[in-house]
$ cat coords.txt   # compact mmCIF, C-alpha atoms and all ligand atoms
# COMPACT_ATOMS: atom_id res chain seq x y z
CA MET K 1 0.00 0.00 0.00
CA PRO K 2 2.74 2.36 -0.94
CA GLY K 3 1.51 5.83 -1.95
CA PHE K 4 4.55 7.27 -0.18
CA GLU K 5 6.77 5.61 -2.78
CA VAL K 6 5.55 8.03 -5.44
CA PHE K 7 5.75 11.43 -3.73
CA GLY K 8 7.05 13.99 -6.19
CA ALA K 9 6.66 17.41 -7.75
CA GLU K 10 2.85 17.06 -7.91
CA GLU K 11 2.48 16.80 -4.13
CA ARG K 12 4.93 19.68 -3.60
CA ARG K 13 3.04 21.90 -6.03
CA GLU K 14 -0.32 21.34 -4.33
CA VAL K 15 1.19 22.03 -0.90
CA ALA K 16 2.92 25.17 -2.21
CA ASP K 17 -0.48 26.52 -3.34
CA VAL K 18 -1.72 26.25 0.22
CA LEU K 19 1.38 27.71 1.85
CA GLU K 20 1.39 30.66 -0.52
CA THR K 21 -2.09 31.71 0.57
CA GLY K 22 -1.59 30.85 4.23
CA VAL K 23 -5.14 29.42 4.42
CA LEU K 24 -4.73 26.02 6.06
CA PHE K 25 -8.39 25.73 7.06
CA ARG K 26 -10.76 23.93 4.74
CA TYR K 27 -13.77 26.20 5.30
CA GLY K 28 -14.23 29.90 4.63
CA PHE K 29 -11.55 32.56 4.03
CA GLU K 30 -12.79 32.93 0.45
CA GLY K 31 -10.90 36.13 -0.20
CA ALA K 32 -7.52 34.99 1.10
CA ARG K 33 -7.42 31.52 -0.40
CA ALA K 34 -7.00 32.67 -4.00
CA GLY K 35 -9.33 30.02 -5.36
CA HIS K 36 -7.56 27.06 -3.70
CA TRP K 37 -10.02 24.59 -2.15
CA LYS K 38 -7.91 21.47 -1.68
CA ALA K 39 -10.28 19.52 0.60
CA ARG K 40 -13.30 20.40 -1.50
CA THR K 41 -11.54 19.49 -4.75
CA PHE K 42 -10.22 16.21 -3.31
CA GLU K 43 -13.77 15.33 -2.20
CA GLN K 44 -15.20 16.01 -5.64
CA GLU K 45 -12.48 14.05 -7.45
CA LEU K 46 -12.75 11.15 -4.99
CA ALA K 47 -16.52 10.97 -5.43
CA ASP K 48 -16.09 11.06 -9.22
CA ARG K 49 -13.37 8.40 -9.18
CA LEU K 50 -15.48 6.06 -7.05
CA GLY K 51 -18.76 6.76 -8.82
CA VAL K 52 -20.56 7.97 -5.71
CA LYS K 53 -22.52 11.15 -5.06
CA ARG K 54 -20.78 12.48 -2.00
CA ALA K 55 -17.42 12.30 -0.24
CA HIS K 56 -16.39 13.99 2.98
CA LEU K 57 -12.77 14.17 4.01
CA CYS K 58 -11.73 13.83 7.63
CA SER K 59 -8.68 13.52 9.83
CA SER K 60 -8.13 9.74 9.62
CA GLY K 61 -9.63 6.42 8.62
CA THR K 62 -10.55 5.84 12.25
CA ALA K 63 -12.36 9.18 12.28
CA ALA K 64 -14.17 8.10 9.09
CA LEU K 65 -15.49 5.02 10.93
CA ASP K 66 -16.49 7.14 13.95
CA ILE K 67 -18.31 9.57 11.67
CA ALA K 68 -20.01 6.80 9.69
CA LEU K 69 -21.33 5.11 12.84
CA ALA K 70 -22.54 8.44 14.23
CA ALA K 71 -24.17 9.54 10.97
CA CYS K 72 -25.96 6.18 10.71
CA GLY K 73 -27.32 6.62 14.22
CA ILE K 74 -25.41 3.70 15.74
CA GLY K 75 -24.90 4.16 19.47
CA ALA K 76 -25.36 2.96 23.01
CA GLY K 77 -25.95 -0.78 23.31
CA ASP K 78 -26.32 -1.45 19.58
CA GLU K 79 -24.60 -4.55 18.25
CA VAL K 80 -22.31 -4.14 15.27
CA ILE K 81 -21.01 -7.21 13.45
CA VAL K 82 -17.30 -7.01 12.62
CA PRO K 83 -14.62 -9.39 11.34
CA PRO K 84 -11.71 -10.45 13.56
CA PHE K 85 -9.21 -9.89 10.73
CA THR K 86 -9.00 -6.11 10.48
CA PHE K 87 -7.07 -3.28 12.05
CA ILE K 88 -8.08 -2.66 15.68
CA ALA K 89 -9.46 0.77 14.63
CA THR K 90 -12.64 -0.89 13.32
CA ILE K 91 -13.34 -2.28 16.78
CA GLU K 92 -12.24 0.87 18.60
CA SER K 93 -14.71 2.95 16.60
CA VAL K 94 -17.58 0.61 17.48
CA LEU K 95 -16.61 0.77 21.15
CA GLY K 96 -16.20 4.55 20.93
CA ALA K 97 -19.80 4.82 19.74
CA GLY K 98 -20.88 2.93 22.87
CA ALA K 99 -21.86 0.00 20.66
CA ILE K 100 -20.95 -3.67 21.08
CA PRO K 101 -18.60 -5.33 18.59
CA VAL K 102 -19.87 -8.81 17.72
CA PHE K 103 -17.38 -10.94 15.82
CA ALA K 104 -18.42 -13.08 12.87
CA ASP K 105 -15.94 -15.33 11.07
CA VAL K 106 -13.97 -14.63 7.94
CA ASP K 107 -13.90 -17.04 5.01
CA LEU K 108 -11.24 -17.75 2.39
CA THR K 109 -11.70 -14.23 0.97
CA LEU K 110 -10.25 -13.07 4.32
CA GLY K 111 -13.40 -10.95 4.62
CA LEU K 112 -16.63 -11.53 6.55
CA ASP K 113 -18.39 -14.78 5.71
CA PRO K 114 -22.02 -13.85 4.89
CA GLU K 115 -23.27 -17.12 6.46
CA SER K 116 -21.45 -16.39 9.68
CA VAL K 117 -22.86 -12.86 9.73
CA LYS K 118 -26.39 -14.31 9.51
CA GLU K 119 -25.67 -16.57 12.48
CA ARG K 120 -24.60 -13.62 14.63
CA ILE K 121 -27.63 -11.39 14.00
CA THR K 122 -29.74 -10.77 17.12
CA GLY K 123 -32.56 -8.39 17.98
CA ARG K 124 -29.95 -5.80 18.93
CA THR K 125 -27.90 -5.93 15.73
CA ARG K 126 -27.93 -2.60 13.94
CA ALA K 127 -25.00 -2.66 11.52
CA VAL K 128 -22.41 -4.80 9.76
CA VAL K 129 -18.91 -3.50 9.06
CA PRO K 130 -17.11 -5.69 6.51
CA VAL K 131 -13.43 -4.92 6.05
CA HIS K 132 -11.80 -5.31 2.64
CA MET K 133 -8.40 -6.32 3.95
CA CYS K 134 -5.16 -6.15 2.02
CA GLY K 135 -6.57 -4.58 -1.13
CA SER K 136 -9.11 -7.23 -2.12
CA MET K 137 -12.81 -7.68 -1.51
CA ALA K 138 -15.05 -9.49 0.92
CA ARG K 139 -18.19 -11.08 -0.62
CA ILE K 140 -19.67 -7.63 -0.66
CA GLU K 141 -22.73 -8.28 -2.79
CA GLU K 142 -23.85 -11.16 -0.57
CA LEU K 143 -23.12 -9.11 2.55
CA ALA K 144 -25.19 -6.25 1.13
CA SER K 145 -28.08 -8.70 0.56
CA VAL K 146 -27.87 -10.00 4.13
CA CYS K 147 -28.02 -6.41 5.39
CA SER K 148 -30.93 -5.36 3.24
CA GLU K 149 -32.91 -8.55 4.07
CA SER K 150 -32.37 -7.94 7.78
CA GLY K 151 -32.77 -4.16 7.76
CA LEU K 152 -29.17 -3.59 8.88
CA THR K 153 -26.91 -0.67 8.09
CA LEU K 154 -23.86 -1.59 5.99
CA ILE K 155 -20.69 0.38 6.64
CA GLU K 156 -17.71 -0.70 4.53
CA ASP K 157 -14.25 -0.35 6.04
CA THR K 158 -12.43 0.26 2.76
CA ALA K 159 -9.34 1.71 4.44
CA GLN K 160 -7.12 -0.82 2.69
CA ALA K 161 -8.91 -1.10 -0.63
CA LEU K 162 -9.10 2.29 -2.32
CA GLY K 163 -9.44 1.75 -6.05
CA ALA K 164 -10.57 -1.87 -5.76
CA SER K 165 -13.91 -2.84 -7.26
CA PHE K 166 -16.35 -5.71 -7.53
CA GLN K 167 -17.82 -6.23 -11.01
CA GLY K 168 -16.92 -2.70 -11.99
CA ARG K 169 -18.38 -1.02 -8.92
CA SER K 170 -15.97 0.61 -6.47
CA LEU K 171 -15.59 -0.96 -3.04
CA GLY K 172 -16.89 1.49 -0.49
CA THR K 173 -19.99 2.24 -2.58
CA PHE K 174 -21.98 -0.93 -1.76
CA GLY K 175 -22.76 0.14 1.78
CA ASP K 176 -24.75 3.00 3.23
CA VAL K 177 -21.34 4.54 3.88
CA GLY K 178 -17.80 3.60 2.82
CA CYS K 179 -14.78 4.59 4.91
CA PHE K 180 -11.27 5.25 3.58
CA SER K 181 -7.88 5.97 5.15
CA PHE K 182 -4.95 7.93 3.80
CA ASP K 183 -2.55 7.12 6.62
CA PRO K 184 1.17 6.65 5.90
CA VAL K 185 0.95 3.03 4.72
CA LYS K 186 -2.23 3.16 2.64
CA THR K 187 -2.59 3.04 -1.17
CA ILE K 188 -2.55 6.82 -1.28
CA THR K 189 -1.46 8.87 1.71
CA CYS K 190 -1.51 12.40 3.01
CA GLY K 191 0.15 11.59 6.34
CA GLU K 192 -3.13 11.53 8.25
CA GLY K 193 -6.50 11.61 6.56
CA GLY K 194 -9.63 9.70 5.76
CA ALA K 195 -12.94 9.98 3.95
CA ILE K 196 -16.48 8.77 4.06
CA VAL K 197 -18.45 8.31 0.85
CA THR K 198 -22.19 7.88 0.38
CA ASP K 199 -25.02 8.30 -2.11
CA ASP K 200 -27.36 9.40 0.66
CA GLU K 201 -27.58 13.19 0.95
CA THR K 202 -29.00 13.10 4.48
CA LEU K 203 -26.24 10.79 5.71
CA TYR K 204 -23.67 12.99 4.03
CA GLN K 205 -25.00 16.13 5.75
CA ARG K 206 -25.06 14.36 9.12
CA ALA K 207 -21.49 13.17 8.59
CA ALA K 208 -20.20 16.60 7.56
CA GLN K 209 -21.92 18.15 10.58
CA TYR K 210 -20.69 15.56 13.06
CA ALA K 211 -17.11 15.91 11.79
CA ASP K 212 -17.16 19.68 12.41
CA HIS K 213 -18.84 20.32 15.79
CA GLY K 214 -22.30 20.10 14.27
CA HIS K 215 -21.88 23.09 11.94
CA ASP K 216 -24.44 22.91 9.15
CA HIS K 217 -22.18 24.96 6.82
CA LEU K 218 -25.17 26.95 5.60
CA GLY K 219 -24.44 30.35 7.11
CA ALA K 220 -22.56 33.13 5.36
CA ASP K 221 -19.70 32.51 7.80
CA ARG K 222 -19.06 30.09 10.68
CA GLY K 223 -20.61 32.51 13.15
CA ALA K 224 -23.88 32.35 11.23
CA ASP K 225 -24.00 28.55 10.90
CA GLY K 226 -26.71 26.54 12.60
CA HIS K 227 -25.78 23.58 14.83
CA PRO K 228 -28.42 20.90 14.48
CA ILE K 229 -26.37 18.30 16.38
CA LEU K 230 -23.42 18.02 18.72
CA GLY K 231 -20.34 16.78 16.96
CA THR K 232 -16.61 16.77 17.29
CA ASN K 233 -13.58 17.82 15.27
CA CYS K 234 -12.44 15.31 12.67
CA ARG K 235 -11.42 17.93 10.11
CA ILE K 236 -8.58 17.53 7.65
CA SER K 237 -6.27 20.47 7.02
CA GLU K 238 -5.76 21.97 3.59
CA LEU K 239 -2.12 20.85 3.73
CA GLY K 240 -3.10 17.22 4.12
CA ALA K 241 -5.83 17.51 1.52
CA ALA K 242 -3.33 19.05 -0.92
CA VAL K 243 -1.03 16.02 -0.66
CA GLY K 244 -3.98 13.65 -0.92
CA LEU K 245 -5.28 15.37 -4.02
CA ALA K 246 -1.97 14.90 -5.83
CA GLN K 247 -1.87 11.27 -4.67
CA LEU K 248 -5.42 10.56 -5.82
CA ARG K 249 -4.47 11.66 -9.32
CA LYS K 250 -1.81 8.90 -9.27
CA LEU K 251 -4.16 6.17 -8.08
CA ASP K 252 -4.78 4.52 -11.45
CA GLU K 253 -1.07 4.29 -12.16
CA ILE K 254 -0.35 2.95 -8.66
CA ILE K 255 -2.89 0.18 -9.17
CA ARG K 256 -1.61 -0.66 -12.64
CA VAL K 257 1.92 -1.16 -11.31
CA GLN K 258 0.72 -3.08 -8.24
CA ARG K 259 -1.23 -5.50 -10.41
CA ARG K 260 1.77 -6.13 -12.64
CA ASN K 261 4.10 -6.67 -9.69
CA LYS K 262 1.60 -8.87 -7.90
CA ARG K 263 1.33 -11.14 -10.95
CA ARG K 264 5.11 -11.66 -10.80
CA LEU K 265 4.99 -12.48 -7.09
CA ARG K 266 2.13 -14.90 -7.60
CA GLU K 267 4.17 -16.83 -10.17
CA ALA K 268 6.97 -17.13 -7.63
CA PHE K 269 4.71 -18.48 -4.88
CA ALA K 270 2.90 -20.77 -7.32
CA THR K 271 6.14 -22.70 -7.84
CA CYS K 272 5.32 -24.39 -4.52
CA GLU K 273 2.51 -26.91 -4.93
CA ARG K 274 1.49 -26.66 -1.31
CA VAL K 275 0.58 -22.98 -1.67
CA SER K 276 -3.05 -22.01 -2.25
CA PHE K 277 -4.20 -18.45 -2.76
CA ARG K 278 -6.77 -16.22 -1.14
CA GLU K 279 -10.16 -16.31 -2.87
CA ILE K 280 -10.83 -13.06 -4.67
CA PRO K 281 -14.51 -12.79 -5.71
CA ASP K 282 -13.56 -10.53 -8.66
CA PRO K 283 -9.85 -10.80 -9.52
CA GLU K 284 -10.22 -7.98 -12.07
CA GLY K 285 -11.13 -5.61 -9.27
CA ASP K 286 -8.22 -6.46 -6.98
CA SER K 287 -6.21 -3.35 -6.09
CA ALA K 288 -3.26 -5.71 -5.61
CA THR K 289 -1.65 -4.06 -2.60
CA PHE K 290 -0.85 -7.48 -1.10
CA LEU K 291 -0.54 -11.07 -2.21
CA SER K 292 -2.19 -13.35 0.35
CA LEU K 293 -1.78 -17.10 0.43
CA PHE K 294 -2.48 -20.14 2.58
CA ALA K 295 -0.08 -22.75 3.82
CA PRO K 296 -1.54 -26.24 4.37
CA ASP K 297 -1.39 -25.80 8.15
CA GLU K 298 -0.19 -23.50 10.93
CA ASP K 299 3.20 -25.22 11.26
CA ALA K 300 3.93 -24.80 7.56
CA ALA K 301 2.83 -21.15 7.69
CA ARG K 302 5.20 -20.48 10.56
CA SER K 303 8.14 -22.24 8.93
CA TRP K 304 7.51 -20.52 5.58
CA THR K 305 7.34 -17.12 7.29
CA ALA K 306 10.68 -17.82 8.95
CA ALA K 307 12.21 -19.14 5.71
CA LEU K 308 11.03 -16.09 3.73
CA ALA K 309 12.56 -13.76 6.35
CA ALA K 310 15.80 -15.74 6.33
CA ALA K 311 15.91 -15.48 2.53
CA GLY K 312 15.61 -11.69 2.78
CA VAL K 313 12.11 -11.51 1.26
CA PRO K 314 10.72 -8.22 2.63
CA GLY K 315 7.20 -7.34 3.75
CA CYS K 316 5.79 -10.78 4.65
CA PHE K 317 3.16 -10.78 7.41
CA TYR K 318 1.93 -13.68 9.52
CA TRP K 319 -1.24 -12.03 10.86
CA TYR K 320 -2.07 -14.72 13.41
CA ASP K 321 0.78 -13.50 15.64
CA ASN K 322 0.28 -9.81 14.84
CA ASN K 323 -1.03 -7.64 17.66
CA TRP K 324 -2.79 -5.03 15.49
CA HIS K 325 -4.72 -7.11 13.05
CA TYR K 326 -6.08 -10.17 14.84
CA PRO K 327 -7.72 -10.62 18.28
CA ARG K 328 -5.47 -13.42 19.53
CA ARG K 329 -3.22 -10.82 21.17
CA TRP K 330 -5.82 -8.15 21.94
CA ASP K 331 -5.77 -8.50 25.73
CA HIS K 332 -6.89 -4.87 26.06
CA LEU K 333 -10.06 -5.76 24.19
CA ARG K 334 -10.66 -8.93 26.19
CA ASP K 335 -10.40 -6.87 29.41
CA LEU K 336 -12.24 -3.88 27.88
CA ARG K 337 -9.38 -1.69 29.02
CA THR K 338 -9.99 1.92 27.95
CA ALA K 339 -8.52 5.19 29.19
CA GLY K 340 -11.77 6.08 30.91
CA ARG K 341 -14.78 3.90 31.59
CA SER K 342 -16.44 2.20 28.65
CA PRO K 343 -20.20 2.78 28.34
CA LEU K 344 -20.45 -0.98 27.84
CA THR K 345 -19.78 -1.48 31.57
CA LEU K 346 -23.16 0.20 32.22
CA LEU K 347 -25.07 -2.38 30.20
CA ASP K 348 -26.84 -5.14 32.06
CA PRO K 349 -25.58 -7.69 31.37
CA ALA K 350 -22.28 -6.11 30.30
CA PRO K 351 -21.03 -7.77 27.11
CA ASP K 352 -18.29 -10.32 27.62
CA LEU K 353 -15.46 -9.85 25.14
CA SER K 354 -13.07 -12.15 26.97
CA VAL K 355 -13.96 -15.20 24.89
CA LEU K 356 -14.54 -14.74 21.17
CA ASP K 357 -16.21 -17.39 19.05
CA ILE K 358 -13.90 -17.22 16.03
CA GLU K 359 -12.60 -20.76 15.60
CA ARG K 360 -13.21 -20.84 11.86
CA SER K 361 -11.27 -17.60 11.48
CA ASP K 362 -8.45 -19.07 13.59
CA ARG K 363 -8.23 -22.03 11.24
CA ILE K 364 -7.88 -19.69 8.24
CA ILE K 365 -5.72 -16.89 9.63
CA SER K 366 -3.30 -19.34 11.30
CA ARG K 367 -2.46 -20.54 7.75
CA THR K 368 -2.36 -17.11 6.09
CA ILE K 369 0.71 -15.19 4.95
CA SER K 370 0.50 -11.86 3.09
CA MET K 371 3.25 -10.13 1.22
CA LEU K 372 3.24 -6.40 0.55
CA VAL K 373 3.46 -5.46 -3.14
CA LYS K 374 5.80 -2.54 -3.71
CA LEU K 375 5.67 -0.09 -6.58
CA SER K 376 9.36 0.61 -6.85
CA TRP K 377 10.61 -2.92 -7.64
CA SER K 378 12.72 -3.11 -10.78
CA ASP K 379 12.56 -6.14 -13.08
CA ALA K 380 15.89 -7.30 -11.66
CA GLU K 381 14.54 -7.07 -8.12
CA LEU K 382 11.42 -9.01 -9.11
CA ASP K 383 13.60 -11.74 -10.66
CA SER K 384 15.68 -11.91 -7.53
CA LEU K 385 12.55 -12.06 -5.34
CA HIS K 386 11.19 -14.86 -7.51
CA ALA K 387 14.33 -16.91 -6.98
CA ARG K 388 14.42 -16.31 -3.22
CA ILE K 389 10.71 -17.05 -2.73
CA ALA K 390 10.86 -20.26 -4.73
CA ALA K 391 13.94 -21.39 -2.78
CA ALA K 392 12.45 -20.49 0.61
CA LEU K 393 9.32 -22.58 -0.01
CA GLU K 394 11.11 -25.63 -1.43
CA ASP K 395 10.41 -28.62 0.79
C1 LIG K 401 -5.67 1.92 8.45
C2 LIG K 401 -6.95 1.31 8.81
C3 LIG K 401 -7.94 1.97 9.54
C4 LIG K 401 -7.71 3.28 10.23
O1 LIG K 401 -7.17 4.28 9.46
P1 LIG K 401 -6.27 5.43 10.11
O2 LIG K 401 -6.23 6.46 9.03
O3 LIG K 401 -4.92 4.84 10.39
O4 LIG K 401 -6.95 5.91 11.33
C5 LIG K 401 -9.16 1.36 9.73
N1 LIG K 401 -9.39 0.13 9.25
C6 LIG K 401 -8.48 -0.56 8.57
C7 LIG K 401 -8.82 -1.91 8.02
C8 LIG K 401 -7.21 -0.01 8.34
O5 LIG K 401 -6.30 -0.71 7.68
$ encode --input "coords.txt" --output "structure tokens" --more "lines below"
Ligand SMILES: *Cc1c(COP(=O)(O)O)cnc(C)c1O
Amino acid sequence: MPGFEVFGAEERREVADVLETGVLFRYGFEGARAGHWKARTFEQELADRLGVKRAHLCSSGTAALDIALAACGIGAGDEVIVPPFTFIATIESVLGAGAIPVFADVDLTLGLDPESVKERITGRTRAVVPVHMCGSMARIEELASVCSESGLTLIEDTAQALGASFQGRSLGTFGDVGCFSFDPVKTITCGEGGAIVTDDETLYQRAAQYADHGHDHLGADRGADGHPILGTNCRISELGAAVGLAQLRKLDEIIRVQRRNKRRLREAFATCERVSFREIPDPEGDSATFLSLFAPDEDAARSWTAALAAAGVPGCFYWYDNNWHYPRRWDHLRDLRTAGRSPLTLLDPAPDLSVLDIERSDRIISRTISMLVKLSWSDAELDSLHARIAAALED
């Protein structure tokens, strides 16, 4: 997910526009900003690129999830179905809303299994948050059907899958709201930033209000704005938006190169007969930020991970042991350890997160290895990687 690999003159030029005017705030200051509206322009171009009506930029991908949950009216005591294979931010946002994260299993797409989601629906379920991990898609169409049949809100965590699509439709546009991240390791980056996208004008307005202290942005200036709701500050600065705008304009090229490089990596891993690959419901729509594969069992996955590291193959992740992306090492979640006091402790009975029912996910993630696809590899480096990967996986 290497947008930082392609920083160049374009990013510098957009930032220079902002610094020359001195207007770092995304709203107002019409006279001083000399026509530069970086956040607004980024939002319009993002919405156009994704084929969605509205986009709202914010300070991070985590903020995007917070905003989405708030705008969709998810709150105290609501159950939200989430996958265990994600970044902890997905869960933190649910907890931050005062809602209860309920884990369903992932399948061989590494995304939520629609059948498992159905099993976890209760009378308190309000939303499902599928996560399109590592650049490829969950079974999003089936998940959307489950949500519409059960009257549940669908919020896509598309933080890792900007530019990916399913049957020609951008990921992030299947749900009521899609959430994106532009943090330092994502497909495009502006240091810190995120976005929500939606076709629903009311949701969009709620989101834009919530992300800016409830301002309705209708007054002639901020002093004249109405404040229909309480909100918070999840704003992006014009500096960040300027970098993101330049990066967005490189997205198609980034994905083209990732797909080419991923094909080369796949050939290398396919030399080992014991390797099988992640299921990708629409391979054409893969944004190709990672190659993910399965070893036959946990022992093989562990020994392959070690062999790849020993062979100097960079960027291989064994998620089962990772303390950001899988619950096995989330003791803070199990103990519901927050800085203050979680609203969940007020519920009767308080939800028990100490034991999670995710055995099917364990069986899959314990066999999964992902390798980051870089943009900057030369042909010679790809050849050398091929040789080292094939040698590392030889029995
Ligand atoms: C990166 C990420 C987030 C959070 O984004 P930030 O911009 O880092 O706050 C949320 N979900 C997933 C799946 C992510 O990878």
$ residues_around --input "coords.txt" --residues "segment 278-293 of chain K" --least-positions-apart "6" --cutoff "8 Å" --atoms "all atoms listed in the file" --output "count of residues only"
33
$ closest_residue --input "coords.txt" --among "K:Cys72, K:Ile81, K:Ile100, K:Ile229" --to "Cys147 of chain K" --atoms "only C-alpha atoms"
K:Ile81
$ residues_near_ligand --input "coords.txt" --ligand "ligand LIG 401 (chain K)" --cutoff "9 Å" --atoms "only C-alpha atoms and all ligand atoms" --output "VMD selection string"
chain K and resid 59 to 65 85 to 91 93 131 to 134 157 to 161 179 to 186 191 to 194 325
$ atom_distance --input "coords.txt" --atom1 "atom CA of Ile365 of chain K" --atom2 "atom CA of Asp107 of chain K"
9.4 Å
$ residues_near_point --input "coords.txt" --point "(-16.3, 5.4, 24.2)" --cutoff "9 Å" --atoms "all atoms listed in the file" --output "MDAnalysis selection string"
chainID K and resid 92:99 338 340:344
$ decode --input "coords.txt" --residues "segment 338-351 of chain K" --atoms "N, CA, C and O atoms" --output "CSV table (one decimal), in the first residue's frame"
chain,number,residue,atom,x,y,z
K,338,THR,N,-10.0,0.6,28.7
K,338,THR,CA,-10.0,1.9,27.9
K,338,THR,C,-9.4,2.9,28.9
K,338,THR,O,-9.1,2.7,30.0
K,339,ALA,N,-9.1,4.2,28.4
K,339,ALA,CA,-8.5,5.2,29.2
K,339,ALA,C,-9.5,5.6,30.3
K,339,ALA,O,-9.1,6.0,31.4
K,340,GLY,N,-10.8,5.7,29.9
K,340,GLY,CA,-11.8,6.1,30.9
K,340,GLY,C,-12.6,4.9,31.3
K,340,GLY,O,-12.1,3.8,31.7
K,341,ARG,N,-13.9,5.0,31.2
K,341,ARG,CA,-14.8,3.9,31.6
K,341,ARG,C,-15.7,3.7,30.4
K,341,ARG,O,-16.5,4.6,30.0
K,342,SER,N,-15.6,2.5,29.8
K,342,SER,CA,-16.4,2.2,28.6
K,342,SER,C,-17.9,2.2,29.0
K,342,SER,O,-18.3,1.7,30.0
K,343,PRO,N,-18.7,2.8,28.1
K,343,PRO,CA,-20.2,2.8,28.3
K,343,PRO,C,-20.7,1.3,28.4
K,343,PRO,O,-21.8,1.1,29.0
K,344,LEU,N,-20.0,0.4,27.8
K,344,LEU,CA,-20.4,-1.0,27.8
K,344,LEU,C,-20.5,-1.5,29.3
K,344,LEU,O,-21.3,-2.4,29.5
K,345,THR,N,-19.7,-1.0,30.2
K,345,THR,CA,-19.8,-1.5,31.6
K,345,THR,C,-21.1,-1.1,32.2
K,345,THR,O,-21.5,-1.7,33.3
K,346,LEU,N,-21.9,-0.2,31.6
K,346,LEU,CA,-23.2,0.2,32.2
K,346,LEU,C,-24.3,-0.7,31.8
K,346,LEU,O,-25.4,-0.7,32.3
K,347,LEU,N,-24.0,-1.5,30.7
K,347,LEU,CA,-25.1,-2.4,30.2
K,347,LEU,C,-25.3,-3.6,31.2
K,347,LEU,O,-24.4,-4.0,31.8
K,348,ASP,N,-26.5,-4.0,31.2
K,348,ASP,CA,-26.8,-5.1,32.1
K,348,ASP,C,-27.6,-6.2,31.3
K,348,ASP,O,-28.7,-6.0,30.8
K,349,PRO,N,-26.9,-7.3,30.9
K,349,PRO,CA,-25.6,-7.7,31.4
K,349,PRO,C,-24.5,-7.0,30.5
K,349,PRO,O,-24.8,-6.7,29.3
K,350,ALA,N,-23.4,-6.7,31.1
K,350,ALA,CA,-22.3,-6.1,30.3
K,350,ALA,C,-21.8,-7.2,29.3
K,350,ALA,O,-21.7,-8.3,29.7
K,351,PRO,N,-21.5,-6.8,28.1
K,351,PRO,CA,-21.0,-7.8,27.1
K,351,PRO,C,-19.7,-8.4,27.5
K,351,PRO,O,-18.9,-7.7,28.1
